[in-house]
Amino acid sequence: MEYKDYYKIMGVARDASADDIKRAHRKLARKYHPDVSKEKNAEVLFKDLSEAYEVLRDPEKRAAYDRLGSSWRAGQDFRAPPDWDMGTEHARRGFGRKSTGTKTDFDADFSDFFDTLFRQDLGQGFRTQGADGSRRSTAKKPARSAFAVAGQDHQAKIGIDLEDAYSGASKTVTLRVPQVDAQGQVRESSHQISFDIPRGIRPGQRIRLAGQGSPGTDGGPAGDLYLEVEFRPRPAGKPAFQIDKHDVYLDLPVAPWEAALGASIEAPTPTGPVELTIPPGSQAGRKLRLRGRGIPGSTPGDFYFVLKITPPPADNEPAQSFYKRMADQFKGFNPRAGWQ
């Protein structure tokens, strides 16, 4: 997938104001519109322009795009950096496609680059909380004005630790909110929110904070804030747990003699170490299951240790001599004997 330099496409600087972007779009739309343009590739250029304008005219999309940084070049092979949009709050009207006000609806076919960044999957709902972290009240609400308009819902992606899903937790995070200042520049302000992480939550599910979106007008209710949950990458040097729905996996290194002879070892899990028995004659890839020790739930998942046989290094003369004796001892053994 190729990186799109939207500023280059529109011919504006990265610090261009909202008015600068509007003027550039009007000028280029007239130049490249397929109904009037004499450019050979006008349709492609017009579609690229519509896509660039869709992003740069919207403070939220533009702020998200700018977080990718300025070191990327047009046409460069692109993969979104991990967690590039973590902690950014935006209106839940979505980052989907919408009309740019042009006569021809080319925005129905934006690039894969656009879809990767701005097509948001809203995920599965999990829980409703009030502004103070409590569940939403069911008490009767006061009558509203006939002109009352509910506030917009907002959403943001947050990172939590796998351990939080096992035990539940209370957290406070800082969210960034893109805004346009008096000079037409996109700036980001920040605010903190506190909330409870429900036990058993999984990646892609959402925590709903009632009344923490945009305020309503004329007595209308405030919108809600949806926090989409992702599990943070494990720190270097820590066990790299892998998630598959409710199940949790860990590649567990074992020594050749532990696999061959059997052993009792201490192995890590998200809730603490356990004593694990390695059966004699275990092969690489064997799965040892702890039933019900995956992510909690009405039907909890399982925890799997996947054995990875790790030989010691032959980085000195005694170790090399030992491996040579082993080769002589097992000279009739061929690990590829089953191949055709």
# chains A, B, ... in the order shown; residues from 1 in each chain; ligands from 1

$ residues_around --residues "Phe110 of chain A" --least-positions-apart "5" --cutoff "10 Å" --atoms "only C-alpha atoms" --output "NGL selection string"
:A and (47-48 or 50-52 or 54 or 97 or 115)

$ residues_around --residues "Thr271 of chain A" --least-positions-apart "4" --cutoff "9 Å" --atoms "only C-alpha atoms" --output "VMD selection string"
chain A and resid 163 166 to 167 293

$ atom_distance --atom1 "atom CA of Leu28 of chain A" --atom2 "atom CA of Trp72 of chain A"
23.4 Å

$ residues_around --residues "Pro296 of chain A" --least-positions-apart "2" --cutoff "12 Å" --atoms "only C-alpha atoms" --output "list in words"
Leu162, Glu163, Asp164, Ala165, Tyr166, Ser167, Gly168, Pro198, Arg199, Gly200, Ile201, Arg202, Lys245, His246, Asp247, Val248, Pro270, Thr271, Arg291, Gly292, Arg293, Gly294, Ser298, Thr299, Pro300, Gly301, Asp302 and Phe303 of chain A

$ write_last_selection --atoms "C-alpha atoms" --output "short mmCIF file (atom, residue, chain, number, x, y, z; two decimals), in the first residue's frame"
data_model
loop_
_atom_site.label_atom_id
_atom_site.label_comp_id
_atom_site.auth_asym_id
_atom_site.auth_seq_id
_atom_site.Cartn_x
_atom_site.Cartn_y
_atom_site.Cartn_z
CA LEU A 162 -3.93 -7.95 29.45
CA GLU A 163 -3.80 -8.24 33.24
CA ASP A 164 -6.53 -5.56 33.46
CA ALA A 165 -8.91 -7.83 31.54
CA TYR A 166 -8.31 -10.62 34.07
CA SER A 167 -8.92 -8.59 37.20
CA GLY A 168 -10.75 -5.42 36.12
CA PRO A 198 -14.73 -4.49 33.24
CA ARG A 199 -13.29 -7.90 34.03
CA GLY A 200 -13.27 -10.07 30.90
CA ILE A 201 -13.15 -7.29 28.29
CA ARG A 202 -11.51 -8.21 24.99
CA LYS A 245 -10.95 -14.46 21.30
CA HIS A 246 -11.16 -15.66 24.93
CA ASP A 247 -8.11 -17.93 24.72
CA VAL A 248 -4.57 -16.87 25.61
CA PRO A 270 -1.24 -13.15 33.42
CA THR A 271 -2.35 -13.98 36.97
CA ARG A 291 -8.65 -25.09 31.29
CA GLY A 292 -10.57 -21.94 32.19
CA ARG A 293 -7.42 -19.84 32.69
CA GLY A 294 -7.92 -17.64 29.62
CA SER A 298 -19.51 -16.41 31.39
CA THR A 299 -17.60 -19.12 29.52
CA PRO A 300 -13.95 -18.36 30.28
CA GLY A 301 -11.28 -19.08 27.74
CA ASP A 302 -8.37 -21.46 28.14
CA PHE A 303 -4.67 -20.76 28.52
#

$ select_by_dssp --residues "segment 184-333 of chain A" --states "alpha helix (DSSP H)" --output "VMD selection string"
chain A and resid 256 to 261 317 to 329

$ closest_residue --among "A:Ala210, A:Val177, A:Ala42, A:Ala169" --to "Glu89 of chain A" --atoms "only C-alpha atoms"
A:Val177

$ closest_residue --among "A:Leu276, A:Asp161, A:Ile265, A:Lys8" --to "Phe241 of chain A" --atoms "only C-alpha atoms"
A:Asp161

$ atom_distance --atom1 "atom CA of Lys61 of chain A" --atom2 "atom CA of Asp20 of chain A"
16.7 Å

$ closest_residue --among "A:Trp339, A:Leu117, A:Glu258, A:Asn334" --to "Thr310 of chain A" --atoms "only C-alpha atoms"
A:Glu258

$ atom_distance --atom1 "atom CA of Glu43 of chain A" --atom2 "atom CA of Ala63 of chain A"
27.3 Å

$ residues_around --residues "Val149 of chain A" --least-positions-apart "2" --cutoff "7 Å" --atoms "only C-alpha atoms" --output "list in words"
Phe147, Gly151, Gly216, Thr217, Asp218 and Gly220 of chain A

$ write_last_selection --atoms "N, CA and C atoms" --output "PDB file, in the first residue's frame"
ATOM      1  N   PHE A 147     -37.199  21.787  20.683  1.00  0.00           N
ATOM      2  CA  PHE A 147     -36.054  22.042  19.808  1.00  0.00           C
ATOM      3  C   PHE A 147     -34.774  21.385  20.333  1.00  0.00           C
ATOM      4  N   GLY A 151     -26.445  15.768  21.961  1.00  0.00           N
ATOM      5  CA  GLY A 151     -25.051  15.986  21.596  1.00  0.00           C
ATOM      6  C   GLY A 151     -24.477  14.800  20.830  1.00  0.00           C
ATOM      7  N   GLY A 216     -25.546  18.581  24.622  1.00  0.00           N
ATOM      8  CA  GLY A 216     -26.716  18.812  23.797  1.00  0.00           C
ATOM      9  C   GLY A 216     -27.072  20.288  23.760  1.00  0.00           C
ATOM     10  N   THR A 217     -28.047  20.631  22.941  1.00  0.00           N
ATOM     11  CA  THR A 217     -28.512  22.016  22.848  1.00  0.00           C
ATOM     12  C   THR A 217     -29.992  22.082  23.197  1.00  0.00           C
ATOM     13  N   ASP A 218     -30.406  23.230  23.735  1.00  0.00           N
ATOM     14  CA  ASP A 218     -31.811  23.457  24.104  1.00  0.00           C
ATOM     15  C   ASP A 218     -32.347  22.348  25.001  1.00  0.00           C
ATOM     16  N   GLY A 220     -31.206  19.285  25.250  1.00  0.00           N
ATOM     17  CA  GLY A 220     -30.962  17.932  24.762  1.00  0.00           C
ATOM     18  C   GLY A 220     -29.870  17.241  25.575  1.00  0.00           C
TER      19      GLY A 220
END

$ closest_residue --among "A:Tyr53, A:Trp84, A:Phe113, A:Tyr3" --to "Arg67 of chain A" --atoms "only C-alpha atoms"
A:Trp84

$ residues_around --residues "Arg73 of chain A" --least-positions-apart "3" --cutoff "12 Å" --atoms "only C-alpha atoms" --output "list in words"
Glu2, Tyr3, Lys4, Asp5, Tyr6, Tyr7, Lys8, Ile9, Leu68, Gly69, Ser70, Gln76, Asp77 and Phe78 of chain A

$ residues_around --residues "Val254 of chain A" --least-positions-apart "6" --cutoff "9 Å" --atoms "only C-alpha atoms" --output "list in words"
Ile278, Leu307, Lys308, Ile309, Thr310 and Pro311 of chain A

$ write_last_selection --atoms "C-alpha atoms" --output "compact mmCIF listing (two decimals), in the first residue's frame"
# COMPACT_ATOMS: atom_id res chain seq x y z
CA ILE A 278 6.33 -31.08 30.81
CA LEU A 307 6.36 -25.61 23.61
CA LYS A 308 9.38 -24.19 21.76
CA ILE A 309 12.49 -26.32 22.13
CA THR A 310 15.49 -24.01 22.59
CA PRO A 311 18.96 -25.59 22.46

$ select_by_dssp --residues "segment 100-312 of chain A" --states "strand (DSSP E)" --output "NGL selection string"
:A and (124-129 or 154-160 or 169-180 or 186-197 or 205-209 or 225-231 or 242-244 or 247-254 or 263-267 or 274-278 or 287-290 or 303-309)

$ write_last_selection --atoms "C-alpha atoms" --output "tab-separated table (two decimals), in the first residue's frame"
chain	number	residue	atom	x	y	z
A	124	GLN	CA	-18.68	-4.50	20.06
A	125	GLY	CA	-20.36	-2.80	22.97
A	126	PHE	CA	-19.55	-4.01	26.46
A	127	ARG	CA	-20.81	-1.78	29.23
A	128	THR	CA	-22.51	1.51	29.96
A	129	GLN	CA	-21.12	3.86	32.58
A	154	HIS	CA	-17.47	10.63	20.63
A	155	GLN	CA	-15.06	7.72	20.46
A	156	ALA	CA	-11.42	7.06	21.23
A	157	LYS	CA	-9.10	4.07	21.20
A	158	ILE	CA	-7.29	3.24	24.43
A	159	GLY	CA	-4.65	0.70	25.38
A	160	ILE	CA	-4.89	-1.50	28.46
A	169	ALA	CA	-9.28	-2.04	37.03
A	170	SER	CA	-9.97	1.65	37.51
A	171	LYS	CA	-7.98	3.86	35.15
A	172	THR	CA	-7.40	7.51	34.30
A	173	VAL	CA	-6.19	8.34	30.80
A	174	THR	CA	-5.45	11.52	28.86
A	175	LEU	CA	-7.24	11.95	25.54
A	176	ARG	CA	-6.25	14.35	22.75
A	177	VAL	CA	-8.97	16.37	21.02
A	178	PRO	CA	-8.28	18.12	17.67
A	179	GLN	CA	-9.58	21.69	17.40
A	180	VAL	CA	-9.25	24.61	14.97
A	186	VAL	CA	-5.47	22.47	13.74
A	187	ARG	CA	-4.31	22.14	17.35
A	188	GLU	CA	-4.79	19.40	19.91
A	189	SER	CA	-6.01	20.00	23.45
A	190	SER	CA	-6.14	17.28	26.07
A	191	HIS	CA	-8.29	16.23	28.99
A	192	GLN	CA	-8.36	13.38	31.47
A	193	ILE	CA	-11.12	10.84	32.01
A	194	SER	CA	-11.54	8.18	34.69
A	195	PHE	CA	-13.37	4.92	34.08
A	196	ASP	CA	-13.63	1.28	35.11
A	197	ILE	CA	-12.30	-1.56	32.99
A	205	GLN	CA	-14.97	-4.15	22.60
A	206	ARG	CA	-16.03	-0.72	23.84
A	207	ILE	CA	-16.66	0.90	27.19
A	208	ARG	CA	-19.50	3.40	26.99
A	209	LEU	CA	-19.25	6.49	29.20
A	225	LEU	CA	-18.03	8.63	24.82
A	226	TYR	CA	-17.07	5.19	23.54
A	227	LEU	CA	-13.65	3.84	24.49
A	228	GLU	CA	-12.52	1.11	22.11
A	229	VAL	CA	-10.14	-1.24	23.90
A	230	GLU	CA	-6.88	-2.63	22.57
A	231	PHE	CA	-4.29	-4.60	24.52
A	242	GLN	CA	-1.12	-13.85	22.36
A	243	ILE	CA	-4.90	-13.48	22.28
A	244	ASP	CA	-7.42	-15.49	20.25
A	247	ASP	CA	-8.11	-17.93	24.72
A	248	VAL	CA	-4.57	-16.87	25.61
A	249	TYR	CA	-1.38	-18.43	24.22
A	250	LEU	CA	2.26	-18.27	25.22
A	251	ASP	CA	5.24	-19.69	23.34
A	252	LEU	CA	7.15	-21.40	26.14
A	253	PRO	CA	10.87	-22.07	25.62
A	254	VAL	CA	12.05	-25.39	27.05
A	263	ALA	CA	10.33	-31.73	33.82
A	264	SER	CA	8.43	-29.62	36.33
A	265	ILE	CA	9.04	-25.91	35.68
A	266	GLU	CA	7.67	-22.56	36.75
A	267	ALA	CA	5.83	-20.83	33.87
A	274	VAL	CA	2.22	-21.72	37.85
A	275	GLU	CA	3.97	-25.06	38.27
A	276	LEU	CA	3.81	-26.79	34.89
A	277	THR	CA	4.60	-30.42	34.14
A	278	ILE	CA	6.33	-31.08	30.81
A	287	LYS	CA	0.14	-27.42	23.49
A	288	LEU	CA	-0.37	-27.76	27.21
A	289	ARG	CA	-3.76	-26.41	28.28
A	290	LEU	CA	-4.87	-24.81	31.52
A	303	PHE	CA	-4.67	-20.76	28.52
A	304	TYR	CA	-2.24	-22.63	26.26
A	305	PHE	CA	1.51	-23.08	26.59
A	306	VAL	CA	3.02	-23.85	23.17
A	307	LEU	CA	6.36	-25.61	23.61
A	308	LYS	CA	9.38	-24.19	21.76
A	309	ILE	CA	12.49	-26.32	22.13

$ closest_residue --among "A:Val44, A:Met1, A:Val36, A:Ala327" --to "Asp109 of chain A" --atoms "only C-alpha atoms"
A:Val44

$ closest_residue --among "A:Thr269, A:Ser111, A:Gln185, A:Thr116" --to "Glu60 of chain A" --atoms "only C-alpha atoms"
A:Gln185

$ decode --residues "segment 260-289 of chain A" --atoms "C-alpha atoms" --output "PDB file, in the first residue's frame"
ATOM      1  CA  ALA A 260      12.902 -35.327  26.136  1.00  0.00           C
ATOM      2  CA  LEU A 261      12.954 -36.409  29.780  1.00  0.00           C
ATOM      3  CA  GLY A 262      10.060 -34.420  31.191  1.00  0.00           C
ATOM      4  CA  ALA A 263      10.326 -31.727  33.815  1.00  0.00           C
ATOM      5  CA  SER A 264       8.435 -29.615  36.335  1.00  0.00           C
ATOM      6  CA  ILE A 265       9.038 -25.912  35.682  1.00  0.00           C
ATOM      7  CA  GLU A 266       7.673 -22.555  36.753  1.00  0.00           C
ATOM      8  CA  ALA A 267       5.835 -20.835  33.874  1.00  0.00           C
ATOM      9  CA  PRO A 268       4.246 -17.361  33.708  1.00  0.00           C
ATOM     10  CA  THR A 269       0.559 -16.528  33.235  1.00  0.00           C
ATOM     11  CA  PRO A 270      -1.243 -13.152  33.424  1.00  0.00           C
ATOM     12  CA  THR A 271      -2.348 -13.982  36.974  1.00  0.00           C
ATOM     13  CA  GLY A 272       1.068 -15.152  38.196  1.00  0.00           C
ATOM     14  CA  PRO A 273       3.432 -18.117  37.805  1.00  0.00           C
ATOM     15  CA  VAL A 274       2.222 -21.719  37.851  1.00  0.00           C
ATOM     16  CA  GLU A 275       3.974 -25.062  38.269  1.00  0.00           C
ATOM     17  CA  LEU A 276       3.809 -26.789  34.892  1.00  0.00           C
ATOM     18  CA  THR A 277       4.604 -30.420  34.135  1.00  0.00           C
ATOM     19  CA  ILE A 278       6.331 -31.076  30.807  1.00  0.00           C
ATOM     20  CA  PRO A 279       5.501 -34.656  29.779  1.00  0.00           C
ATOM     21  CA  PRO A 280       8.487 -36.832  28.662  1.00  0.00           C
ATOM     22  CA  GLY A 281       8.945 -37.044  24.907  1.00  0.00           C
ATOM     23  CA  SER A 282       7.286 -33.675  24.205  1.00  0.00           C
ATOM     24  CA  GLN A 283       7.794 -32.261  20.718  1.00  0.00           C
ATOM     25  CA  ALA A 284       8.076 -28.638  19.608  1.00  0.00           C
ATOM     26  CA  GLY A 285       4.618 -27.159  19.062  1.00  0.00           C
ATOM     27  CA  ARG A 286       2.902 -29.308  21.661  1.00  0.00           C
ATOM     28  CA  LYS A 287       0.136 -27.423  23.487  1.00  0.00           C
ATOM     29  CA  LEU A 288      -0.372 -27.756  27.215  1.00  0.00           C
ATOM     30  CA  ARG A 289      -3.760 -26.410  28.284  1.00  0.00           C
TER      31      ARG A 289
END
